[in-house]
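Shown next: entry-v9.pdb, containing PDB, C-alpha atoms.
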```pdb
ATOM      1  CA  MET A 261     -39.712  -6.543 -14.203  1.00  0.00           C
ATOM      2  CA  MET A 262     -37.028  -8.208 -16.276  1.00  0.00           C
ATOM      3  CA  ARG A 263     -36.173  -6.304 -19.434  1.00  0.00           C
ATOM      4  CA  SER A 264     -33.917  -7.500 -22.231  1.00  0.00           C
ATOM      5  CA  LYS A 265     -32.197  -5.987 -25.247  1.00  0.00           C
ATOM      6  CA  ASP A 266     -33.760  -6.854 -28.603  1.00  0.00           C
ATOM      7  CA  SER A 267     -30.757  -6.337 -30.881  1.00  0.00           C
ATOM      8  CA  LYS A 268     -27.275  -7.826 -30.682  1.00  0.00           C
ATOM      9  CA  LEU A 269     -26.004  -4.495 -32.045  1.00  0.00           C
ATOM     10  CA  VAL A 270     -26.835  -2.819 -28.728  1.00  0.00           C
ATOM     11  CA  THR A 271     -23.959  -2.361 -26.283  1.00  0.00           C
ATOM     12  CA  LYS A 272     -25.902  -0.893 -23.366  1.00  0.00           C
ATOM     13  CA  ALA A 273     -29.478  -0.615 -22.124  1.00  0.00           C
ATOM     14  CA  ILE A 274     -30.645   2.568 -20.376  1.00  0.00           C
ATOM     15  CA  TRP A 275     -34.273   1.717 -19.758  1.00  0.00           C
ATOM     16  CA  ASN A 276     -36.992   4.334 -20.010  1.00  0.00           C
ATOM     17  CA  ASN A 277     -40.547   4.008 -18.696  1.00  0.00           C
ATOM     18  CA  ASN A 278     -42.113   6.393 -21.230  1.00  0.00           C
ATOM     19  CA  TYR A 279     -43.847   4.018 -23.624  1.00  0.00           C
ATOM     20  CA  TRP A 280     -47.154   2.748 -25.009  1.00  0.00           C
ATOM     21  CA  HIS A 281     -48.273  -0.850 -25.317  1.00  0.00           C
ATOM     22  CA  ARG A 282     -48.472  -1.658 -29.028  1.00  0.00           C
ATOM     23  CA  PRO A 283     -51.878  -3.393 -29.410  1.00  0.00           C
ATOM     24  CA  PRO A 284     -54.035  -3.084 -31.418  1.00  0.00           C
ATOM     25  CA  TYR A 285     -51.161  -2.188 -33.744  1.00  0.00           C
ATOM     26  CA  LYS A 286     -47.989  -4.077 -34.564  1.00  0.00           C
ATOM     27  CA  ILE A 287     -44.605  -2.831 -35.734  1.00  0.00           C
ATOM     28  CA  ASP A 288     -44.777  -1.801 -39.375  1.00  0.00           C
ATOM     29  CA  LYS A 289     -42.560   1.316 -39.455  1.00  0.00           C
ATOM     30  CA  VAL A 290     -38.995   2.246 -38.531  1.00  0.00           C
ATOM     31  CA  CYS A 291     -38.115   5.910 -38.092  1.00  0.00           C
ATOM     32  CA  PRO A 292     -34.695   7.559 -37.668  1.00  0.00           C
ATOM     33  CA  HIS A 293     -34.719  10.823 -35.672  1.00  0.00           C
ATOM     34  CA  ILE A 294     -32.119  13.484 -34.886  1.00  0.00           C
ATOM     35  CA  MET A 295     -31.186  14.363 -31.288  1.00  0.00           C
ATOM     36  CA  CYS A 296     -30.621  18.093 -31.976  1.00  0.00           C
ATOM     37  CA  ALA A 297     -27.782  17.892 -29.448  1.00  0.00           C
ATOM     38  CA  PRO A 298     -24.400  18.005 -31.217  1.00  0.00           C
ATOM     39  CA  ASN A 299     -21.935  15.228 -30.460  1.00  0.00           C
ATOM     40  CA  TRP A 300     -23.950  13.431 -27.798  1.00  0.00           C
ATOM     41  CA  SER A 301     -23.197   9.823 -26.983  1.00  0.00           C
ATOM     42  CA  ALA A 302     -25.965   7.229 -26.859  1.00  0.00           C
ATOM     43  CA  ASP A 303     -25.503   7.150 -23.083  1.00  0.00           C
ATOM     44  CA  THR A 304     -25.997  10.919 -22.742  1.00  0.00           C
ATOM     45  CA  CYS A 305     -29.231  10.754 -24.695  1.00  0.00           C
ATOM     46  CA  GLY A 306     -30.465   7.774 -22.708  1.00  0.00           C
ATOM     47  CA  TYR A 307     -29.919   9.443 -19.350  1.00  0.00           C
ATOM     48  CA  TYR A 308     -31.531  12.646 -20.629  1.00  0.00           C
ATOM     49  CA  PHE A 309     -34.605  10.724 -21.762  1.00  0.00           C
ATOM     50  CA  GLN A 310     -34.950   9.247 -18.276  1.00  0.00           C
ATOM     51  CA  ARG A 311     -35.411  12.792 -16.920  1.00  0.00           C
ATOM     52  CA  VAL A 312     -38.007  14.033 -19.421  1.00  0.00           C
ATOM     53  CA  ARG A 313     -41.308  12.774 -20.808  1.00  0.00           C
ATOM     54  CA  VAL A 314     -39.960  11.559 -24.138  1.00  0.00           C
ATOM     55  CA  SER A 315     -38.174   8.444 -25.292  1.00  0.00           C
ATOM     56  CA  SER A 316     -37.170   6.343 -28.255  1.00  0.00           C
ATOM     57  CA  ASN A 317     -36.534   2.657 -28.693  1.00  0.00           C
ATOM     58  CA  TYR A 318     -32.870   3.179 -29.550  1.00  0.00           C
ATOM     59  CA  GLY A 319     -30.188   5.853 -29.524  1.00  0.00           C
ATOM     60  CA  ILE A 320     -27.007   6.070 -31.582  1.00  0.00           C
ATOM     61  CA  GLY A 321     -24.156   8.329 -30.498  1.00  0.00           C
ATOM     62  CA  VAL A 322     -21.830  10.438 -32.606  1.00  0.00           C
ATOM     63  CA  LYS A 323     -19.240   7.623 -32.664  1.00  0.00           C
ATOM     64  CA  GLY A 324     -21.776   5.012 -33.731  1.00  0.00           C
ATOM     65  CA  ASP A 325     -22.358   3.659 -30.210  1.00  0.00           C
ATOM     66  CA  THR A 326     -25.818   2.093 -29.882  1.00  0.00           C
ATOM     67  CA  ASP A 327     -28.016   1.908 -26.760  1.00  0.00           C
ATOM     68  CA  GLN A 328     -31.560   0.694 -26.217  1.00  0.00           C
ATOM     69  CA  TYR A 329     -34.030   2.711 -24.127  1.00  0.00           C
ATOM     70  CA  VAL A 330     -37.412   1.048 -24.753  1.00  0.00           C
ATOM     71  CA  GLU A 331     -38.008  -2.578 -25.708  1.00  0.00           C
ATOM     72  CA  GLU A 332     -39.443  -3.141 -29.180  1.00  0.00           C
ATOM     73  CA  LYS A 333     -42.580  -4.713 -27.730  1.00  0.00           C
ATOM     74  CA  TYR A 334     -43.453  -1.167 -26.618  1.00  0.00           C
ATOM     75  CA  GLY A 335     -43.879   2.019 -28.630  1.00  0.00           C
ATOM     76  CA  ALA A 336     -41.696   4.877 -27.395  1.00  0.00           C
ATOM     77  CA  PHE A 337     -42.842   8.500 -26.946  1.00  0.00           C
ATOM     78  CA  ALA A 338     -41.235   9.672 -30.175  1.00  0.00           C
ATOM     79  CA  GLN A 339     -43.606  10.076 -33.118  1.00  0.00           C
ATOM     80  CA  GLY A 340     -45.989  12.779 -31.902  1.00  0.00           C
ATOM     81  CA  SER A 341     -49.109  10.643 -31.468  1.00  0.00           C
ATOM     82  CA  LYS A 342     -50.100   7.420 -29.742  1.00  0.00           C
ATOM     83  CA  LYS A 343     -51.045   5.685 -32.992  1.00  0.00           C
ATOM     84  CA  TRP A 344     -47.697   6.286 -34.671  1.00  0.00           C
ATOM     85  CA  ASN A 345     -45.771   5.462 -31.516  1.00  0.00           C
ATOM     86  CA  GLN A 346     -47.569   2.115 -31.337  1.00  0.00           C
ATOM     87  CA  ARG A 347     -46.657   1.268 -34.949  1.00  0.00           C
ATOM     88  CA  THR A 348     -43.069   2.479 -35.057  1.00  0.00           C
ATOM     89  CA  VAL A 349     -39.615   1.523 -33.823  1.00  0.00           C
ATOM     90  CA  SER A 350     -37.838   4.840 -33.286  1.00  0.00           C
ATOM     91  CA  ILE A 351     -34.097   5.525 -33.446  1.00  0.00           C
ATOM     92  CA  GLU A 352     -32.470   8.740 -32.188  1.00  0.00           C
ATOM     93  CA  MET A 353     -29.230   9.692 -33.944  1.00  0.00           C
ATOM     94  CA  ALA A 354     -26.694  12.149 -32.572  1.00  0.00           C
ATOM     95  CA  ASN A 355     -25.944  15.034 -34.916  1.00  0.00           C
ATOM     96  CA  SER A 356     -22.324  16.023 -35.486  1.00  0.00           C
ATOM     97  CA  THR A 357     -23.227  19.634 -36.374  1.00  0.00           C
ATOM     98  CA  ALA A 358     -26.030  21.980 -35.350  1.00  0.00           C
ATOM     99  CA  GLY A 359     -28.614  23.475 -37.720  1.00  0.00           C
ATOM    100  CA  PRO A 360     -29.494  24.209 -40.364  1.00  0.00           C
ATOM    101  CA  GLU A 361     -28.183  20.914 -41.789  1.00  0.00           C
ATOM    102  CA  TRP A 362     -28.041  18.785 -38.618  1.00  0.00           C
ATOM    103  CA  LYS A 363     -25.463  16.463 -40.116  1.00  0.00           C
ATOM    104  CA  VAL A 364     -24.663  13.066 -38.624  1.00  0.00           C
ATOM    105  CA  SER A 365     -21.285  11.342 -38.670  1.00  0.00           C
ATOM    106  CA  ASP A 366     -20.550   8.472 -41.026  1.00  0.00           C
ATOM    107  CA  GLU A 367     -20.221   6.203 -37.996  1.00  0.00           C
ATOM    108  CA  THR A 368     -23.661   7.209 -36.725  1.00  0.00           C
ATOM    109  CA  LEU A 369     -25.289   6.755 -40.123  1.00  0.00           C
ATOM    110  CA  GLU A 370     -23.700   3.348 -40.645  1.00  0.00           C
ATOM    111  CA  SER A 371     -24.809   2.124 -37.213  1.00  0.00           C
ATOM    112  CA  CYS A 372     -28.323   3.342 -37.997  1.00  0.00           C
ATOM    113  CA  ILE A 373     -28.368   1.486 -41.326  1.00  0.00           C
ATOM    114  CA  GLU A 374     -27.265  -1.752 -39.667  1.00  0.00           C
ATOM    115  CA  LEU A 375     -29.789  -1.337 -36.853  1.00  0.00           C
ATOM    116  CA  ILE A 376     -32.695  -0.674 -39.242  1.00  0.00           C
ATOM    117  CA  ALA A 377     -31.800  -3.797 -41.224  1.00  0.00           C
ATOM    118  CA  ASP A 378     -31.599  -5.821 -38.002  1.00  0.00           C
ATOM    119  CA  ILE A 379     -35.009  -4.536 -36.835  1.00  0.00           C
ATOM    120  CA  MET A 380     -36.644  -5.277 -40.187  1.00  0.00           C
ATOM    121  CA  ILE A 381     -35.183  -8.770 -40.419  1.00  0.00           C
ATOM    122  CA  ARG A 382     -36.178  -9.764 -36.884  1.00  0.00           C
ATOM    123  CA  ASN A 383     -39.691  -8.347 -37.236  1.00  0.00           C
ATOM    124  CA  LYS A 384     -40.201  -9.898 -40.691  1.00  0.00           C
ATOM    125  CA  MET A 385     -40.921  -6.518 -42.285  1.00  0.00           C
ATOM    126  CA  GLY A 386     -39.574  -7.395 -45.724  1.00  0.00           C
ATOM    127  CA  HIS A 387     -37.415  -4.937 -47.629  1.00  0.00           C
ATOM    128  CA  ALA A 388     -37.055  -1.320 -46.579  1.00  0.00           C
ATOM    129  CA  ASN A 389     -39.436   0.873 -48.546  1.00  0.00           C
ATOM    130  CA  TYR A 390     -39.002   4.650 -48.367  1.00  0.00           C
ATOM    131  CA  THR A 391     -41.848   6.444 -50.164  1.00  0.00           C
ATOM    132  CA  GLY A 392     -41.503   9.952 -48.744  1.00  0.00           C
ATOM    133  CA  ASP A 393     -44.699   9.534 -46.720  1.00  0.00           C
ATOM    134  CA  THR A 394     -46.293   7.125 -44.243  1.00  0.00           C
ATOM    135  CA  THR A 395     -47.129   4.449 -46.817  1.00  0.00           C
ATOM    136  CA  GLY A 396     -43.619   2.990 -46.674  1.00  0.00           C
ATOM    137  CA  ASN A 397     -42.129   1.054 -43.775  1.00  0.00           C
ATOM    138  CA  LEU A 398     -39.156   3.447 -43.532  1.00  0.00           C
ATOM    139  CA  ILE A 399     -40.451   6.869 -42.511  1.00  0.00           C
ATOM    140  CA  GLU A 400     -39.347  10.241 -41.135  1.00  0.00           C
ATOM    141  CA  HIS A 401     -40.642  11.968 -38.017  1.00  0.00           C
ATOM    142  CA  ARG A 402     -41.880  14.854 -40.178  1.00  0.00           C
ATOM    143  CA  HIS A 403     -44.338  12.398 -41.759  1.00  0.00           C
ATOM    144  CA  THR A 404     -46.158  11.838 -38.453  1.00  0.00           C
ATOM    145  CA  ALA A 405     -45.828  15.206 -36.685  1.00  0.00           C
ATOM    146  CA  ASN A 406     -45.377  18.923 -37.338  1.00  0.00           C
ATOM    147  CA  THR A 407     -41.582  18.911 -37.220  1.00  0.00           C
ATOM    148  CA  SER A 408     -38.557  19.179 -39.493  1.00  0.00           C
ATOM    149  CA  CYS A 409     -36.949  16.120 -37.853  1.00  0.00           C
ATOM    150  CA  PRO A 410     -34.692  14.421 -38.922  1.00  0.00           C
ATOM    151  CA  GLY A 411     -33.370  17.582 -40.596  1.00  0.00           C
ATOM    152  CA  PRO A 412     -32.127  18.285 -44.138  1.00  0.00           C
ATOM    153  CA  TYR A 413     -29.025  16.075 -44.054  1.00  0.00           C
ATOM    154  CA  VAL A 414     -30.726  12.847 -43.003  1.00  0.00           C
ATOM    155  CA  HIS A 415     -33.750  13.655 -45.183  1.00  0.00           C
ATOM    156  CA  LYS A 416     -31.461  13.712 -48.227  1.00  0.00           C
ATOM    157  CA  LYS A 417     -29.949  10.397 -47.106  1.00  0.00           C
ATOM    158  CA  MET A 418     -33.207   8.455 -46.814  1.00  0.00           C
ATOM    159  CA  SER A 419     -33.018   6.817 -50.253  1.00  0.00           C
ATOM    160  CA  HIS A 420     -29.388   5.932 -49.519  1.00  0.00           C
ATOM    161  CA  ILE A 421     -30.429   4.426 -46.170  1.00  0.00           C
ATOM    162  CA  GLU A 422     -33.146   2.408 -47.940  1.00  0.00           C
ATOM    163  CA  ALA A 423     -30.674   1.005 -50.493  1.00  0.00           C
ATOM    164  CA  GLU A 424     -28.040   0.164 -47.870  1.00  0.00           C
ATOM    165  CA  VAL A 425     -30.566  -1.538 -45.589  1.00  0.00           C
ATOM    166  CA  ASN A 426     -31.826  -3.669 -48.466  1.00  0.00           C
ATOM    167  CA  MET A 427     -28.310  -4.673 -49.386  1.00  0.00           C
ATOM    168  CA  ILE A 428     -27.857  -6.021 -45.854  1.00  0.00           C
ATOM    169  CA  ILE A 429     -31.254  -7.752 -45.929  1.00  0.00           C
ATOM    170  CA  ASP A 430     -30.440  -9.429 -49.253  1.00  0.00           C
ATOM    171  CA  GLY A 431     -27.089 -10.618 -47.893  1.00  0.00           C
ATOM    172  CA  LYS A 432     -25.512 -10.418 -51.327  1.00  0.00           C
ATOM    173  CA  LEU A 433     -21.939  -9.650 -52.299  1.00  0.00           C
ATOM    174  CA  ARG A 434     -20.970  -8.733 -55.845  1.00  0.00           C
ATOM    175  CA  LEU A 435     -17.621  -8.507 -57.586  1.00  0.00           C
ATOM    176  CA  PRO A 436     -16.624  -5.645 -59.909  1.00  0.00           C
ATOM    177  CA  GLU A 437     -16.249  -6.304 -63.616  1.00  0.00           C
ATOM    178  CA  ARG A 438     -12.529  -7.041 -63.280  1.00  0.00           C
ATOM    179  CA  GLY A 439     -13.383  -9.946 -60.969  1.00  0.00           C
ATOM    180  CA  TYR A 440     -11.802  -8.748 -57.698  1.00  0.00           C
ATOM    181  CA  TYR A 441     -11.598  -5.816 -55.312  1.00  0.00           C
ATOM    182  CA  LYS A 442      -8.314  -4.006 -54.795  1.00  0.00           C
ATOM    183  CA  LYS A 443      -6.936  -1.083 -52.803  1.00  0.00           C
ATOM    184  CA  GLY A 444      -8.767   2.167 -53.535  1.00  0.00           C
ATOM    185  CA  ASP A 445     -12.057   0.633 -54.685  1.00  0.00           C
ATOM    186  CA  HIS A 446     -14.997   2.478 -53.186  1.00  0.00           C
ATOM    187  CA  GLY A 447     -18.750   2.187 -52.962  1.00  0.00           C
ATOM    188  CA  ARG A 448     -21.762   0.319 -51.671  1.00  0.00           C
ATOM    189  CA  SER A 449     -20.428  -3.124 -52.588  1.00  0.00           C
ATOM    190  CA  VAL A 450     -17.220  -2.487 -50.629  1.00  0.00           C
ATOM    191  CA  ARG A 451     -19.295  -1.462 -47.612  1.00  0.00           C
ATOM    192  CA  ALA A 452     -21.255  -4.705 -47.940  1.00  0.00           C
ATOM    193  CA  LEU A 453     -18.007  -6.709 -48.017  1.00  0.00           C
ATOM    194  CA  GLN A 454     -16.702  -4.890 -44.943  1.00  0.00           C
ATOM    195  CA  ARG A 455     -19.936  -5.665 -43.097  1.00  0.00           C
ATOM    196  CA  ARG A 456     -19.624  -9.389 -43.900  1.00  0.00           C
ATOM    197  CA  LEU A 457     -15.979  -9.470 -42.839  1.00  0.00           C
ATOM    198  CA  ARG A 458     -16.898  -7.717 -39.609  1.00  0.00           C
ATOM    199  CA  LYS A 459     -19.696 -10.197 -38.933  1.00  0.00           C
ATOM    200  CA  LEU A 460     -17.222 -13.053 -39.459  1.00  0.00           C
ATOM    201  CA  GLY A 461     -14.778 -11.411 -37.037  1.00  0.00           C
ATOM    202  CA  PHE A 462     -12.087 -10.455 -39.553  1.00  0.00           C
ATOM    203  CA  TYR A 463     -12.740  -6.732 -40.011  1.00  0.00           C
ATOM    204  CA  THR A 464     -12.542  -4.458 -36.994  1.00  0.00           C
ATOM    205  CA  GLY A 465     -12.336  -1.060 -38.688  1.00  0.00           C
ATOM    206  CA  PRO A 466     -11.783   1.686 -37.960  1.00  0.00           C
ATOM    207  CA  TYR A 467     -14.608   2.999 -40.125  1.00  0.00           C
ATOM    208  CA  LYS A 468     -13.511   6.622 -40.028  1.00  0.00           C
ATOM    209  CA  GLY A 469     -11.974   7.620 -43.328  1.00  0.00           C
ATOM    210  CA  GLU A 470     -12.158   4.091 -44.712  1.00  0.00           C
ATOM    211  CA  PHE A 471     -15.666   2.686 -44.510  1.00  0.00           C
ATOM    212  CA  GLY A 472     -16.779   2.117 -48.061  1.00  0.00           C
ATOM    213  CA  THR A 473     -13.186   2.247 -49.291  1.00  0.00           C
ATOM    214  CA  TYR A 474     -10.986  -0.803 -49.825  1.00  0.00           C
ATOM    215  CA  GLY A 475      -8.106   0.392 -47.660  1.00  0.00           C
ATOM    216  CA  LEU A 476      -5.445  -1.086 -45.416  1.00  0.00           C
ATOM    217  CA  GLY A 477      -7.924  -2.256 -42.762  1.00  0.00           C
ATOM    218  CA  THR A 478      -9.928  -4.146 -45.371  1.00  0.00           C
ATOM    219  CA  ILE A 479      -6.807  -5.639 -46.925  1.00  0.00           C
ATOM    220  CA  ARG A 480      -5.695  -6.907 -43.517  1.00  0.00           C
ATOM    221  CA  ALA A 481      -9.136  -8.428 -42.941  1.00  0.00           C
ATOM    222  CA  VAL A 482      -9.145 -10.141 -46.346  1.00  0.00           C
ATOM    223  CA  LYS A 483      -5.664 -11.565 -45.711  1.00  0.00           C
ATOM    224  CA  LYS A 484      -6.854 -12.980 -42.379  1.00  0.00           C
ATOM    225  CA  PHE A 485      -9.815 -14.571 -44.182  1.00  0.00           C
ATOM    226  CA  GLN A 486      -7.550 -15.995 -46.887  1.00  0.00           C
ATOM    227  CA  LYS A 487      -5.032 -17.369 -44.387  1.00  0.00           C
ATOM    228  CA  LYS A 488      -7.718 -19.017 -42.241  1.00  0.00           C
ATOM    229  CA  TYR A 489      -9.237 -20.851 -45.202  1.00  0.00           C
ATOM    230  CA  GLY A 490      -6.030 -21.769 -47.027  1.00  0.00           C
ATOM    231  CA  LEU A 491      -6.478 -19.366 -49.929  1.00  0.00           C
ATOM    232  CA  THR A 492      -3.889 -17.287 -51.770  1.00  0.00           C
ATOM    233  CA  VAL A 493      -2.949 -14.521 -49.304  1.00  0.00           C
ATOM    234  CA  ASP A 494      -2.779 -11.427 -51.503  1.00  0.00           C
ATOM    235  CA  GLY A 495      -5.398  -9.135 -49.912  1.00  0.00           C
ATOM    236  CA  LEU A 496      -7.529  -9.124 -53.081  1.00  0.00           C
ATOM    237  CA  TRP A 497     -11.138 -10.213 -52.695  1.00  0.00           C
ATOM    238  CA  GLY A 498     -11.945 -12.198 -55.832  1.00  0.00           C
ATOM    239  CA  LYS A 499     -13.674 -15.327 -57.090  1.00  0.00           C
ATOM    240  CA  GLU A 500     -11.724 -17.695 -54.828  1.00  0.00           C
ATOM    241  CA  CYS A 501     -12.771 -15.713 -51.749  1.00  0.00           C
ATOM    242  CA  MET A 502     -16.352 -15.491 -52.969  1.00  0.00           C
ATOM    243  CA  ARG A 503     -16.607 -19.268 -53.423  1.00  0.00           C
ATOM    244  CA  LYS A 504     -15.322 -19.852 -49.902  1.00  0.00           C
ATOM    245  CA  TYR A 505     -17.636 -17.185 -48.454  1.00  0.00           C
ATOM    246  CA  GLU A 506     -20.685 -18.625 -50.203  1.00  0.00           C
ATOM    247  CA  GLY A 507     -19.787 -22.056 -48.846  1.00  0.00           C
ATOM    248  CA  LEU A 508     -19.832 -20.691 -45.283  1.00  0.00           C
ATOM    249  CA  LYS A 509     -23.388 -19.357 -45.495  1.00  0.00           C
TER     250      LYS A 509
END
```
In structure tokens, how does this file's structure come out?
Amino acid sequence: MMRSKDSKLVTKAIWNNNYWHRPPYKIDKVCPHIMCAPNWSADTCGYYFQRVRVSSNYGIGVKGDTDQYVEEKYGAFAQGSKKWNQRTVSIEMANSTAGPEWKVSDETLESCIELIADIMIRNKMGHANYTGDTTGNLIEHRHTANTSCPGPYVHKKMSHIEAEVNMIIDGKLRLPERGYYKKGDHGRSVRALQRRLRKLGFYTGPYKGEFGTYGLGTIRAVKKFQKKYGLTVDGLWGKECMRKYEGLK
């Protein structure tokens, strides 16, 4: 049987045969989980899942590496019941620390945000909606089973994940009040800019220590953008860059 990766964000497929067929349900939920295995890679999780009677659709390692284990047309063995497995796309995230917090790295969280947005866009799910229960389309494992997954750290990040996913879905970039971004600026809008520059092939990171901050990597990427399109090469993302970017869409 030929199997194919659903998302372009996936670097490797480690296929797992633990899954349900989705009918009579269709995908209407996305759920991030925690591996409870500090510092695992996506590969390690994928090979482990092949040996046990569990699975997930995707796995994200501690460095943000993303693998696929079960195609989206199937529901993985992840949510605690057949019904919720059939409705949900599940994502396992590696934790960077053990309990009680079960923290995840910034790289892992960012890869998860981008993957959730990609899943929701492709499956025409609309905007991410986290309600703290199963009525939203962005849920936690603890909503569908007797578990504390995804742990306190990710639980506290769910509203942040929702906002970041929706920023990607909306595809909007905004300028600060001064009219341009400069070195040291930080926040959600800078992360959105870095994502767009990465998608265009100008920004290559590294994320660690800089993602969300307008640092040297971002300045280099902006200069490459400016040089390619004949703009003033000063490393500042302002109105001139925005006009050119909007014209590319």
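Residues in contact with stretch 452-462 of chain A at 8 Å, where only C-alpha atoms are counted and same-chain residues fewer than 3 positions away are skipped, are listed as Met427, Ile428, Lys432, Leu433, Arg448, Ser449, Phe471, Gly472, Thr478, Ala481, Val482, Lys484 and Phe485 of chain A.
In this structure, atom CA of A:Ser365 sits 17.8 Å away from atom CA of A:Leu269.
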Exercise for the section: Just the residues within 12 Å of A:Glu506, please, counting only C-alpha atoms, with nothing from its chain fewer than 3 positions along; format it as a ChimeraX atom specification. Expected result: /A:431-434,456,499-503,509
Practice task
For atom CA of A:Thr348 and atom CA of A:Gly392, quote the distance in Å rounded to one decimal.
Solution key: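 The value is 15.7 Å.
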Practice task
Can you work out the spacing between atom CA of A:Glu424 and atom CA of A:Ile379 in Å, to one decimal?
Solution key: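 For atom CA of A:Glu424 relative to atom CA of A:Ile379, the distance reads 13.9 Å.
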Problem - Contact residues around stretch 409-419 of chain A with all atoms listed in the file at 10 Å, ignoring same-chain residues under 5 positions, as number ranges by chain - result: A: 291-296, 352-353, 355, 359-364, 369, 388-392, 398-403, 424-425
Produce the centre coordinates and the three edge lengths, each in Å to one decimal, of the box along x, y and z that contains all listed atoms of stretch 450-453 of chain A with 4 Å added on each side, as lines of an AutoDock Vina configuration file.
```
center_x = -19.2
center_y = -4.1
center_z = -49.1
size_x = 12.0
size_y = 13.2
size_z = 11.0
```
Exercise for the section: May I ask which of the residues A:Ile479, A:Leu496, A:Ala273, A:Ala302 is the closest one to A:Ala354, counting only C-alpha atoms? Expected result: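 Distance minimum relative to A:Ala354 lands on A:Ala302.
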Handout entry: Given all atoms listed in the file as the counted atoms, nearest of A:Arg451, A:Lys443, A:Arg480, A:Arg263 to A:Ala423
Key = A:Arg451
Enumerate, in order of chain and increasing residue number, the residues of stretch 288-407 of chain A with an atom no farther than 8 Å from stretch 277-283 of chain A, each with its shortest atom pair and distance in Å to one decimal, counting all atoms listed in the file, as JSON lines.
```
{"residue": "A:Gln310", "atom": "CA", "partner": "A:Asn277", "partner_atom": "CA", "distance": 7.7}
{"residue": "A:Arg313", "atom": "CA", "partner": "A:Asn278", "partner_atom": "CA", "distance": 6.4}
{"residue": "A:Val314", "atom": "CA", "partner": "A:Asn278", "partner_atom": "CA", "distance": 6.3}
{"residue": "A:Ser315", "atom": "CA", "partner": "A:Asn278", "partner_atom": "CA", "distance": 6.0}
{"residue": "A:Val330", "atom": "CA", "partner": "A:Tyr279", "partner_atom": "CA", "distance": 7.2}
{"residue": "A:Lys333", "atom": "CA", "partner": "A:Arg282", "partner_atom": "CA", "distance": 6.8}
{"residue": "A:Tyr334", "atom": "CA", "partner": "A:His281", "partner_atom": "CA", "distance": 5.0}
{"residue": "A:Gly335", "atom": "CA", "partner": "A:Trp280", "partner_atom": "CA", "distance": 4.9}
{"residue": "A:Ala336", "atom": "CA", "partner": "A:Tyr279", "partner_atom": "CA", "distance": 4.4}
{"residue": "A:Phe337", "atom": "CA", "partner": "A:Tyr279", "partner_atom": "CA", "distance": 5.7}
{"residue": "A:Lys342", "atom": "CA", "partner": "A:Trp280", "partner_atom": "CA", "distance": 7.3}
{"residue": "A:Asn345", "atom": "CA", "partner": "A:Trp280", "partner_atom": "CA", "distance": 7.2}
{"residue": "A:Gln346", "atom": "CA", "partner": "A:Arg282", "partner_atom": "CA", "distance": 4.5}
{"residue": "A:Arg347", "atom": "CA", "partner": "A:Arg282", "partner_atom": "CA", "distance": 6.8}
```
Exercise for the section: Write out as a VMD selection string which residues come within 7 Å of A:Thr326 when counting all atoms listed in the file, dropping same-chain ones fewer than 2 positions away. Expected result: chain A and resid 269 to 271 302 319 to 321 324 328
Counting all atoms listed in the file, find the residues whose atoms lie at most 8 Å from (-33.6, 6.8, -19.8) (file coordinates) and write them out as a short mmCIF file (atom, residue, chain, number, x, y, z; two decimals) with C-alpha atoms, in the frame of the given file.
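And here is the file that came out, point_9.cif:
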```
data_model
loop_
_atom_site.label_atom_id
_atom_site.label_comp_id
_atom_site.auth_asym_id
_atom_site.auth_seq_id
_atom_site.Cartn_x
_atom_site.Cartn_y
_atom_site.Cartn_z
CA ILE A 274 -30.64 2.57 -20.38
CA TRP A 275 -34.27 1.72 -19.76
CA ASN A 276 -36.99 4.33 -20.01
CA ASN A 277 -40.55 4.01 -18.70
CA CYS A 305 -29.23 10.75 -24.70
CA GLY A 306 -30.46 7.77 -22.71
CA TYR A 307 -29.92 9.44 -19.35
CA TYR A 308 -31.53 12.65 -20.63
CA PHE A 309 -34.60 10.72 -21.76
CA GLN A 310 -34.95 9.25 -18.28
CA ARG A 311 -35.41 12.79 -16.92
CA SER A 315 -38.17 8.44 -25.29
CA TYR A 329 -34.03 2.71 -24.13
#
```
Handout entry: Pick from A:Lys268, A:Lys384, A:Lys442, A:Lys487, whichever lies nearest to A:Lys286 using all atoms listed in the file
Key =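 Of A:Lys268, A:Lys384, A:Lys442, A:Lys487, the one nearest A:Lys286, counting all atoms listed in the file, is A:Lys384.
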Problem - Shortest interatomic distance to A:Ser356 - which of A:Ala338, A:Ile429, A:Ala377, A:Ala297, counting all atoms listed in the file - result: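 Closest to A:Ser356, using all atoms listed in the file: A:Ala297.
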